[in-house]
Amino acid sequence: MNRLLIMAAAAVILVSNGWGLWQARRNRQEPAGGRLEMTERELRLAPVVMESTVTLLRLNWRVLTSGKEEWDPPVWIDAAKLADLGFDCAVPVDSPGARRHYSSMPARRVFLALEYNGESAQKASHQTAGKTRLFVVDADQDANRLRARYPDREHYAICPGAVRIVFRHRDSSNDSAHDTPRIEGRIDSLRPSEIFVPLPYSKILRELPRSDSENHDEPPAAQPRYAVRICWGANYQPWVEGVRLLGAAKANQDKPDLESEPLKP
Amino acid sequence: MDDDARDMMRRRIDRIGLFREELAELERERALILAPEQRSHLDRHLDRLLSDFRKTYGVDSAEKARRASWGMKITALLGGSALIAAAVLFLHRIWGHLPMAIQVGMLTIIPLGVLATAALAFARQADRYYVGLLSLAAGAVFVIEINALGSVLNLGDSPGALLGWGLFGVLVAYAHGLRLLLGAGLGLLCIYTAALTMSLQGYNWSEFPMKSQMLIPGAVVLYVIPWWTRRKGNRDFDSVYRLCGAAIGLWALLMVSTLGDLCCGKIRPNVIAAVYQVLGIGLSAGVVCHGLQLSQRGLVNLGAGGFIIFLFVRLHAWWWQWMPKYLFFLMIALIAIGLLLVLRRLQTGPEKGARR
């Protein structure tokens, strides 16, 4: 009996790993989520933790906000959009239980449309020189609907993420109370927020000096040193498809670009 | 070997040892003097019993268990933890230099290897403490491994991982008779049911504490399982099922009443919170009574703890705003003393009844 139980436990390990591998294989069969070649501005090397040689790229994204501050909500998320994303917005914001109702609502898993170097970047260019050009421009519960709205796979990627509803009864800029409370939506996260870089691509990036800064809004000190092509597959999970060094970094390292297929000029 | 049989054997060996010590003491005090042939017959019988146990079950393990001091156990725990930390840090150091195929292969082989080591230790009658440590290490390695695999393959997080970890914990717990691992496995399976429901509803499943009412069905199932498996299962494990069910259920109720969404038609949220908390007080009292009925001290303590927390939260909501603060704490202290008296009476009552 004990042997059977231990064999079943071993089978759980094997099935879990097999499931993960099968999902990864299925994901890579079709780049349904899109393919973007982004630079160091959008893909920051994660700081080295405890002598680790693992290379991870953190997706650095922004939204066009409805106000002047970066913590203001995205301009495209309103009450109708929140209801469309599946949030229960039926409770009036001035009712006694509204605060608790909205504050206790978990984030919702949705699909997000990522726009690279497009209209949003142009609109924000006057205030954001050197910052990321990757913008979250839309969200939907259904990835196919989102893709139908943004069919250009070379400029728009679809990836999983989470949106949170926020109940606001005070103005965060001056801490004054609103006349009427309001609900806002925020992008909680992109999933995964870090992309693992395997060999041979990691070999190129590993030799670049890394910043210890956790501040992703801070632009890189100089011009971007590398460009990485990321592909989002059938399950909308990303993988690295190619890496090339740019400018001075390329001249210093004198290494060829690594890509699974030719990058666009 | 059946774990219950091993436990029975160990208890019998303990009793034989105690019996021999007491017999020697009685002989010294001249309270009981056996005839030489009776004494030699008894010694032969006991030696034969111990010899049989040694051959059949590996009696030495019980003796080793006694010899293993707490110092040795703590040293083993620290050493084991340091060994796992060293292995994880070493892998971090070389991980980036390995091709993905080798990374995935290592992630599969390492947890299987630790699991096999735990099974080997159990088969060789090692002390239960060390088997438990190795089994826990196997569980921890499996958790790390799934996270690492998810990172290497850039997979999104999924509640399915909780199912895998929970099943692994329960299977290894049953194989090696480990209560702690069973509790962890059952807890993970219960969380999985809540996370899966949230995931199907489109919510971020990792925020399950915000919808902790979804844990309640799983907690109820855990609590009633010992009734379904009456007399078939391990009695020690029955108490783990009940403890897990009661702990998760009461915690979920407390979270719903204090942080949950209480919008329910025209009823005011504070009324609904009061209903949940009074329900929590009643259920905690029920857990105490059931624990006393089953003579399970863990259940009694858990119920008493839940009762006090729910009572404090409710009294705080009722009294804190208008009552002088010193009076509030005085009332809490008096209620605690009253509860102590009631609990003491409840605990001594059945013993007196049994003596009569």
# chains A, B, ... in the order shown; residues from 1 in each chain; ligands from 1

call {"tool": "residues_around", "arguments": {"residues": "A:Gln141", "least_positions_apart": "4", "cutoff": "8 Å", "atoms": "only C-alpha atoms", "output": "compact mmCIF listing (two decimals) with N, CA and C atoms, in the first residue's frame"}}
result
# COMPACT_ATOMS: atom_id res chain seq x y z
N LEU A 85 -15.94 44.18 -18.21
CA LEU A 85 -14.89 43.25 -17.78
C LEU A 85 -15.38 42.28 -16.71
N GLY A 86 -16.64 42.41 -16.31
CA GLY A 86 -17.23 41.44 -15.39
C GLY A 86 -17.35 41.91 -13.96
N ARG A 109 -9.21 38.52 -13.88
CA ARG A 109 -8.27 38.09 -14.92
C ARG A 109 -8.85 38.45 -16.27
N VAL A 110 -8.11 39.19 -17.04
CA VAL A 110 -8.60 39.62 -18.35
C VAL A 110 -7.46 39.48 -19.37
N PHE A 111 -7.76 39.79 -20.60
CA PHE A 111 -6.70 39.89 -21.61
C PHE A 111 -6.46 41.37 -21.89

call {"tool": "interface_residues", "arguments": {"of": "chain A", "to": "chain B", "cutoff": "6 Å", "atoms": "only C-alpha atoms", "output": "list in words"}}
result
Asn2, Leu5, Ala9, Glu51, Ser52, Thr53, Val54, Gly97, Arg100, His101, Ser104, Ala107, Arg108, Arg109, Pro192, Phe196 and Leu199 of chain A

call {"tool": "closest_residue", "arguments": {"among": "A:Ala32, A:Ile77, A:Pro160, A:Met50", "to": "B:Val88", "atoms": "only C-alpha atoms"}}
result
A:Met50

call {"tool": "atom_distance", "arguments": {"atom1": "atom CA of B:Ala137", "atom2": "atom CA of B:Gln125"}}
result
18.2 Å

call {"tool": "residues_around", "arguments": {"residues": "B:Ile308", "least_positions_apart": "3", "cutoff": "12 Å", "atoms": "only C-alpha atoms", "output": "count of residues only"}}
result
30

call {"tool": "atom_distance", "arguments": {"atom1": "atom CA of B:His41", "atom2": "atom CA of B:Arg54"}}
result
19.9 Å

call {"tool": "select_by_dssp", "arguments": {"residues": "stretch 75-213 of chain B", "states": "alpha helix (DSSP H)", "output": "PyMOL selection string"}}
result
chain B and resi 75-95+100-123+128-152+160-176+179-200

call {"tool": "residues_around", "arguments": {"residues": "A:Val136", "least_positions_apart": "4", "cutoff": "6 Å", "atoms": "only C-alpha atoms", "output": "count of residues only"}}
result
3

call {"tool": "select_by_dssp", "arguments": {"residues": "stretch 13-219 of chain A", "states": "strand (DSSP E or B)", "output": "PyMOL selection string"}}
result
chain A and resi 34-39+43-45+56-59+62+65+74+108-116+134-140+156-170+177-190+194-196

call {"tool": "write_last_selection", "arguments": {"atoms": "C-alpha atoms", "output": "PDB file, in the first residue's frame"}}
result
ATOM      1  CA  GLY A  34       1.463  38.723 -31.452  1.00  0.00           C
ATOM      2  CA  ARG A  35       5.141  39.457 -31.816  1.00  0.00           C
ATOM      3  CA  LEU A  36       6.894  42.630 -30.700  1.00  0.00           C
ATOM      4  CA  GLU A  37      10.511  43.648 -30.935  1.00  0.00           C
ATOM      5  CA  MET A  38      11.129  45.926 -27.959  1.00  0.00           C
ATOM      6  CA  THR A  39      14.174  47.615 -26.499  1.00  0.00           C
ATOM      7  CA  LEU A  43      12.252  45.088 -21.241  1.00  0.00           C
ATOM      8  CA  ARG A  44      14.453  45.829 -18.247  1.00  0.00           C
ATOM      9  CA  LEU A  45      16.945  43.307 -16.953  1.00  0.00           C
ATOM     10  CA  LEU A  56      14.798  37.709 -16.535  1.00  0.00           C
ATOM     11  CA  LEU A  57      13.315  40.639 -18.440  1.00  0.00           C
ATOM     12  CA  ARG A  58      10.672  42.730 -16.703  1.00  0.00           C
ATOM     13  CA  LEU A  59       7.925  44.154 -18.873  1.00  0.00           C
ATOM     14  CA  ARG A  62       2.384  52.390 -18.970  1.00  0.00           C
ATOM     15  CA  THR A  65      -4.061  58.404 -17.778  1.00  0.00           C
ATOM     16  CA  PRO A  74      -6.299  54.727 -17.482  1.00  0.00           C
ATOM     17  CA  ARG A 108     -10.316  40.121 -12.474  1.00  0.00           C
ATOM     18  CA  ARG A 109      -8.270  38.089 -14.915  1.00  0.00           C
ATOM     19  CA  VAL A 110      -8.603  39.615 -18.352  1.00  0.00           C
ATOM     20  CA  PHE A 111      -6.700  39.891 -21.607  1.00  0.00           C
ATOM     21  CA  LEU A 112      -4.830  43.127 -22.225  1.00  0.00           C
ATOM     22  CA  ALA A 113      -3.889  44.745 -25.532  1.00  0.00           C
ATOM     23  CA  LEU A 114      -0.297  46.026 -25.526  1.00  0.00           C
ATOM     24  CA  GLU A 115       0.547  48.701 -28.065  1.00  0.00           C
ATOM     25  CA  TYR A 116       4.214  49.251 -28.874  1.00  0.00           C
ATOM     26  CA  LEU A 134       4.754  50.034 -24.404  1.00  0.00           C
ATOM     27  CA  PHE A 135       1.195  51.009 -23.490  1.00  0.00           C
ATOM     28  CA  VAL A 136      -1.729  48.956 -22.253  1.00  0.00           C
ATOM     29  CA  VAL A 137      -4.510  50.293 -24.449  1.00  0.00           C
ATOM     30  CA  ASP A 138      -7.475  47.973 -23.938  1.00  0.00           C
ATOM     31  CA  ALA A 139      -8.817  45.011 -22.021  1.00  0.00           C
ATOM     32  CA  ASP A 140     -11.412  42.330 -22.606  1.00  0.00           C
ATOM     33  CA  TYR A 156      -0.285  44.954 -30.777  1.00  0.00           C
ATOM     34  CA  ALA A 157       0.263  41.988 -28.503  1.00  0.00           C
ATOM     35  CA  ILE A 158      -2.438  40.284 -26.445  1.00  0.00           C
ATOM     36  CA  CYS A 159      -1.377  39.006 -23.056  1.00  0.00           C
ATOM     37  CA  PRO A 160      -3.107  37.912 -19.850  1.00  0.00           C
ATOM     38  CA  GLY A 161      -3.304  40.377 -16.986  1.00  0.00           C
ATOM     39  CA  ALA A 162      -5.476  41.562 -14.152  1.00  0.00           C
ATOM     40  CA  VAL A 163      -7.644  44.646 -13.688  1.00  0.00           C
ATOM     41  CA  ARG A 164      -8.687  45.918 -10.263  1.00  0.00           C
ATOM     42  CA  ILE A 165     -11.587  48.102  -9.253  1.00  0.00           C
ATOM     43  CA  VAL A 166     -10.810  50.931  -6.827  1.00  0.00           C
ATOM     44  CA  PHE A 167     -13.336  52.791  -4.676  1.00  0.00           C
ATOM     45  CA  ARG A 168     -12.249  56.420  -4.317  1.00  0.00           C
ATOM     46  CA  HIS A 169     -13.811  58.753  -1.804  1.00  0.00           C
ATOM     47  CA  ARG A 170     -10.809  61.092  -1.541  1.00  0.00           C
ATOM     48  CA  ALA A 177     -12.931  64.383  -0.027  1.00  0.00           C
ATOM     49  CA  HIS A 178     -14.911  63.895  -3.245  1.00  0.00           C
ATOM     50  CA  ASP A 179     -18.507  65.164  -3.247  1.00  0.00           C
ATOM     51  CA  THR A 180     -19.590  61.782  -4.476  1.00  0.00           C
ATOM     52  CA  PRO A 181     -17.386  58.689  -4.197  1.00  0.00           C
ATOM     53  CA  ARG A 182     -16.412  57.099  -7.490  1.00  0.00           C
ATOM     54  CA  ILE A 183     -15.088  53.835  -8.793  1.00  0.00           C
ATOM     55  CA  GLU A 184     -12.036  53.571 -11.005  1.00  0.00           C
ATOM     56  CA  GLY A 185     -10.287  50.761 -12.776  1.00  0.00           C
ATOM     57  CA  ARG A 186      -6.576  50.039 -12.731  1.00  0.00           C
ATOM     58  CA  ILE A 187      -4.283  47.611 -14.467  1.00  0.00           C
ATOM     59  CA  ASP A 188      -3.106  45.374 -11.646  1.00  0.00           C
ATOM     60  CA  SER A 189      -0.472  43.381 -13.498  1.00  0.00           C
ATOM     61  CA  LEU A 190       0.611  41.656 -16.673  1.00  0.00           C
ATOM     62  CA  GLU A 194       8.872  38.755 -16.013  1.00  0.00           C
ATOM     63  CA  ILE A 195      10.030  36.793 -19.033  1.00  0.00           C
ATOM     64  CA  PHE A 196      12.672  34.092 -18.662  1.00  0.00           C
TER      65      PHE A 196
END

call {"tool": "residues_around", "arguments": {"residues": "B:Thr117", "least_positions_apart": "3", "cutoff": "12 Å", "atoms": "only C-alpha atoms", "output": "PyMOL selection string"}}
result
(chain A and resi 6) or (chain B and resi 110-114+120-124+126+130-138)

call {"tool": "closest_residue", "arguments": {"among": "B:Gly17, B:Pro226, B:Ser212, B:Gly298", "to": "A:Met105", "atoms": "only C-alpha atoms"}}
result
B:Ser212

call {"tool": "atom_distance", "arguments": {"atom1": "atom CA of B:Val271", "atom2": "atom CA of B:Trp320"}}
result
16.5 Å
